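Working notes, beginning with the structure itself.
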Amino acid sequence: MDVTGVGRRFRVDPGLLALAVAGVVLVLWFLAGPGGATVSWAVQTALDVSIAVVAWRLVRATVGQRHARRFWRAVAVTGLACAAGDGYQTVLAVMHLSGHQPSPVQTGFVVFGMVVAMVAMVCHPLGGAGRQRLRLWLDAVTVLAAVAVFLWYFVLADVVAEGNRAEVAGAAVASAIMLLLSVGLLKLLLSGTAPFAKGPGLMATAGVAGTAIAASTVTLLTGTDDPGVIYVSQLLPCLLMPMAMRWQELRMRRRGASAGPRRRRHGSRLPYLAVVAVQLLLVAALTTRSADPQVWGVSVGAVLITVLVLSRQMAAFTDNERMREWFQSVVQHSSDLTLVVGADGQVRFATPAARRILGTAPDELVGAALADRVLPEDRPVLTELLTRLAAERGADADAELRLRHTDGSYRWLQVVGVDLTGNPSVAAIVFNARDVTEARRLHDELSHRATHDALTGLANRSLLELRLEELPADETISIVLIDLDGFKPINDNYGHHAGDQVLVAVADRLSVFGGLAARLGGDEFALLIYGDFSDKSSIEAAIAEPIWITATQRVQVGASVGIATGGPGEGGRLLREADAAMYREKALSSTAGRRRGKP
């Protein structure tokens with residue numbers, strides 16, 4: 001059957017159906033009596049081969065997933081090794097050279113296969129870090145302790161009490177292998193990095209555990225030593241492993257092998273189930289052995305208290321999981337970027353908005369220095385922000401910074417920070433940042449339009465007057481006013497587009513004189529030059545150079561220049577004096593022109 005997902009259309013899978021039918025046949029065959037050691041070893045060999053075949057199919061289905069392919073290769077090797085050992089044992093049984101007890105050769109092959117599987121599981125990436133990894137290992141050790149208790153109760157205790165050294169050694173080796181396999185499986189199941197889904201993983205885990213304790217458990221619960229029942233209890237757990245692997249193959253085929261690892265849960269209920277199982281085992285052990293009322297009272301109280309504590313913990317666990325999922329959902333869809341920065345200046349946490357704002361995954365920001373992302377000329381702003389935050393911990397402060405995008409551009413961010421280094425739960429500075437690049441760009445564009453001439457790009461009268469107000473009072477400045485001569489005929493003869501070309505060309509030539517060049521309106525310009533300036537001839541010569549308005553046509557204009565020198569506080573007077581000097585120059589030029597025009 002296809003059980004790849006709840007609510008999906010039911011469909012029979014031939015592979016799973018064949019394994020399920022084989023299980024039913026095995027139960028009927030051995031319980032009816034015809035089955036024996038030879039058939040048991042032969043069936044076990046066939047199951048080992050099926051494990052190797054399905055594992056190799058999973059290897060081929062995980063192309064491009066290095067760790068998953070390595071894991072499934074190891075499982076395939078384990079299946080082949082077990083098949084070799086069980087096949088050898090089958091030959092011995094057919095030749096009546098051995099019964100149900102395994103030979104050293106069979107044990108050697110099986111142990112080798114188990115070691116290969118254990119190494120693959122131990123070497124598989126664990127995932128998580130810090131306290132998250134610590135919680136994972138604590139959960140694993142809790143479940144492992146429960147597995148050890150069950151192994152002791154069902155496998156080791158009686159052998160240690162009554163068996164010989166060989167039996168004790170064999171039971172100890174089998175138990176050690178089971179414990180190590182349990183460590184590997186628990187590591188994969190709890191970490192979320194397993195190359196298999198949760199359902200198939202739990203089924204395979206049940207199969208591995210059943211190979212060690214199923215026979216003892218059945219004997220304990222039923223009180224029977226029927227060989228048919230023993231054989232069934234040993235073979236059915238082995239049947240679960242190829243069924244789990246086939247289930248995994250179906251899931252990968254439907255969802256795609258490249259779907260990646262499943263999302264890791266932030267906690268697991270397996271440790272709680274392990275505690276409950278051990279408590280139930282305690283009650284079962286007391287029922288089979290005589291115990292006085294005192295022991296029963298203490299045991300029942302211990303079980304009751306454990307159940308109450310676990311119930312409370314499970315309720316808190318569920319609430320915490322819901323709260324965490326709620327928080328993650330809010331953070332995932334927030335348009336603002338949150339950065340948690342340590343005292344060393346390195347980013348410890350970043351929200352998913354980092355990809356939208358800075359073009360990088362949050363994990364790529366973690367461990368990087370925040371200052372490295374800030375535009376170098378904005379780093380003093382960051383330093384000043386950190387100083388303000390440190391001066392009053394717990395209070396917020398804001399600033400605007402430019403942070404580098406992965407495409408090389410810089411984004412303007414409105415950053416609000418709060419210093420929580422004194423809070424032991426955080427011990428860092430928390431920044432909330434909003435992308436204001438477009439708003440800043442619009443603001444800068446409007447500010448530029450308000451202070452600059454649209455045609456030439458020079459400063460306008462407003463910016464000129466603002467700069468005069470900002471200058472130190474003890475600095476000497478020169479104001480130069482320029483009015484073009486002969487500009488109107490160019491507009492009349494060639495059109496306003498030609499006049500605009502002339503104005504742009506004059507603006508470029510005035511910009512080389514330093515200071516601040518401005519267009520005051522029409523064909524009137526100004527220069528704010530720092531220091532004493534009186535070389536108006538150089539300005540007149542620069543403007544008098546021919547200006548090309550087409551590829552074959554050029555024009556020429558002159559200039560009337562007026563200069564006034566003084567202090568910034570005298571800006572108004574200097575503008576008036578320069579204006580008067582300019583018009584005197586223009587009047588002289590007009591008079592000289594009329595005289596040259598007389599016959």
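For the structure tokens, the naming scheme is as follows: chains receive sequential letters (A, B, ...) according to their order of presentation, residues are indexed from 1 within each chain, and ligands are indexed from 1 in presentation order.
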_Long-range neighbours of Trp247 (chain A) as number ranges by chain, 12 Å cut-off, only C-alpha atoms, 5 positions minimum in chain_ = A: 1-5, 12-17, 19, 54-55, 58, 196-204, 240-242, 252-254
*Val366 (chain A): which residues within 12 Å, counting only C-alpha atoms, same-chain residues fewer than 2 positions away excluded, as a list of chain:residue names?*
A:Leu339, A:Val340, A:Val341, A:Gly342, A:Gly345, A:Gln346, A:Val347, A:Arg348, A:Phe349, A:Ala350, A:Thr351, A:Pro352, A:Ala354, A:Thr360, A:Ala361, A:Pro362, A:Asp363, A:Glu364, A:Ala368, A:Ala369, A:Leu370
*Find the residues near Asp485 (chain A): any atom within 8 Å, counting only C-alpha atoms, skip ones fewer than 2 places away on the same chain, and give them as a count of residues only.*
6
Find the spatial neighbours of Gly457 (chain A), counting only C-alpha atoms, within a cut-off of 12 Å - ignore same-chain residues fewer than 4 positions away - and output them as a compact mmCIF listing (two decimals) with N, CA and C atoms, in the first residue's frame.
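Resulting contents of selection.txt:
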# COMPACT_ATOMS: atom_id res chain seq x y z
N HIS A 448 17.85 68.10 -3.75
CA HIS A 448 18.72 68.56 -4.84
C HIS A 448 17.97 69.51 -5.75
N ARG A 449 16.73 69.17 -6.05
CA ARG A 449 15.94 70.06 -6.91
C ARG A 449 15.71 71.41 -6.24
N ALA A 450 15.57 71.43 -4.93
CA ALA A 450 15.31 72.68 -4.23
C ALA A 450 16.54 73.56 -4.15
N THR A 451 17.73 73.00 -4.33
CA THR A 451 18.96 73.78 -4.14
C THR A 451 19.84 73.82 -5.38
N HIS A 452 19.38 73.25 -6.50
CA HIS A 452 20.21 73.22 -7.70
C HIS A 452 19.39 73.61 -8.93
N ASP A 453 20.08 74.13 -9.91
CA ASP A 453 19.46 74.50 -11.18
C ASP A 453 19.21 73.25 -12.01
N LEU A 503 24.47 77.71 -22.11
CA LEU A 503 24.43 77.83 -20.65
C LEU A 503 25.11 76.64 -19.97
N VAL A 504 24.92 75.45 -20.50
CA VAL A 504 25.55 74.25 -19.93
C VAL A 504 27.06 74.33 -20.10
N ALA A 505 27.51 74.78 -21.28
CA ALA A 505 28.94 74.89 -21.52
C ALA A 505 29.59 75.91 -20.58
N VAL A 506 28.92 77.07 -20.39
CA VAL A 506 29.45 78.09 -19.47
C VAL A 506 29.51 77.53 -18.05
N ALA A 507 28.48 76.79 -17.65
CA ALA A 507 28.48 76.19 -16.30
C ALA A 507 29.67 75.26 -16.10
N ASP A 508 29.98 74.43 -17.10
CA ASP A 508 31.13 73.53 -17.00
C ASP A 508 32.43 74.31 -16.85
N SER A 511 32.86 75.82 -13.33
CA SER A 511 33.07 74.84 -12.26
C SER A 511 34.54 74.56 -11.98
N LEU A 516 32.15 77.41 -5.08
CA LEU A 516 30.79 77.02 -5.42
C LEU A 516 30.32 77.82 -6.63
N ALA A 517 29.96 77.15 -7.72
CA ALA A 517 29.42 77.81 -8.91
C ALA A 517 27.91 77.73 -8.85
N ALA A 518 27.22 78.83 -9.20
CA ALA A 518 25.76 78.89 -9.12
C ALA A 518 25.21 79.61 -10.34
N ARG A 519 24.01 79.20 -10.71
CA ARG A 519 23.26 79.94 -11.73
C ARG A 519 22.13 80.66 -11.01
N LEU A 520 22.13 82.01 -11.13
CA LEU A 520 21.15 82.81 -10.40
C LEU A 520 19.86 82.98 -11.18
So that I can check the surroundings of region 398-404 of chain A, please list as a PDB file with N, CA, C and O atoms, in the first residue's frame every protein, DNA and RNA residue that reaches within 6 Å of it, counting only C-alpha atoms and ignoring chain neighbours fewer than 6 positions away.
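Generated output (around-v1.pdb):
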ATOM      1  N   ARG A 373      29.765  45.412   6.935  1.00  0.00           N
ATOM      2  CA  ARG A 373      28.657  45.622   5.997  1.00  0.00           C
ATOM      3  C   ARG A 373      28.321  47.099   5.826  1.00  0.00           C
ATOM      4  O   ARG A 373      27.608  47.469   4.892  1.00  0.00           O
ATOM      5  N   VAL A 374      28.780  47.931   6.745  1.00  0.00           N
ATOM      6  CA  VAL A 374      28.426  49.349   6.732  1.00  0.00           C
ATOM      7  C   VAL A 374      29.355  50.094   5.784  1.00  0.00           C
ATOM      8  O   VAL A 374      30.556  49.814   5.712  1.00  0.00           O
ATOM      9  N   LEU A 375      28.790  51.042   5.037  1.00  0.00           N
ATOM     10  CA  LEU A 375      29.596  51.898   4.164  1.00  0.00           C
ATOM     11  C   LEU A 375      30.688  52.570   5.001  1.00  0.00           C
ATOM     12  O   LEU A 375      30.404  53.100   6.078  1.00  0.00           O
ATOM     13  N   TYR A 410      24.517  49.856  -1.964  1.00  0.00           N
ATOM     14  CA  TYR A 410      24.285  50.088  -0.537  1.00  0.00           C
ATOM     15  C   TYR A 410      22.842  50.517  -0.329  1.00  0.00           C
ATOM     16  O   TYR A 410      22.296  51.306  -1.112  1.00  0.00           O
ATOM     17  N   ARG A 411      22.246  49.959   0.712  1.00  0.00           N
ATOM     18  CA  ARG A 411      20.861  50.262   1.045  1.00  0.00           C
ATOM     19  C   ARG A 411      20.818  51.123   2.299  1.00  0.00           C
ATOM     20  O   ARG A 411      21.521  50.866   3.270  1.00  0.00           O
ATOM     21  N   TRP A 412      19.969  52.164   2.253  1.00  0.00           N
ATOM     22  CA  TRP A 412      19.767  53.006   3.428  1.00  0.00           C
ATOM     23  C   TRP A 412      18.834  52.290   4.406  1.00  0.00           C
ATOM     24  O   TRP A 412      17.744  51.847   4.025  1.00  0.00           O
ATOM     25  N   LEU A 413      19.255  52.165   5.648  1.00  0.00           N
ATOM     26  CA  LEU A 413      18.436  51.516   6.667  1.00  0.00           C
ATOM     27  C   LEU A 413      18.220  52.467   7.837  1.00  0.00           C
ATOM     28  O   LEU A 413      19.173  53.102   8.326  1.00  0.00           O
ATOM     29  N   GLN A 414      16.965  52.573   8.252  1.00  0.00           N
ATOM     30  CA  GLN A 414      16.641  53.288   9.487  1.00  0.00           C
ATOM     31  C   GLN A 414      16.774  52.284  10.620  1.00  0.00           C
ATOM     32  O   GLN A 414      15.995  51.341  10.739  1.00  0.00           O
ATOM     33  N   VAL A 415      17.807  52.449  11.451  1.00  0.00           N
ATOM     34  CA  VAL A 415      18.165  51.458  12.471  1.00  0.00           C
ATOM     35  C   VAL A 415      17.776  51.973  13.850  1.00  0.00           C
ATOM     36  O   VAL A 415      18.123  53.100  14.217  1.00  0.00           O
ATOM     37  N   VAL A 416      17.042  51.146  14.581  1.00  0.00           N
ATOM     38  CA  VAL A 416      16.712  51.430  15.976  1.00  0.00           C
ATOM     39  C   VAL A 416      17.332  50.318  16.809  1.00  0.00           C
ATOM     40  O   VAL A 416      17.043  49.139  16.600  1.00  0.00           O
TER      41      VAL A 416
END
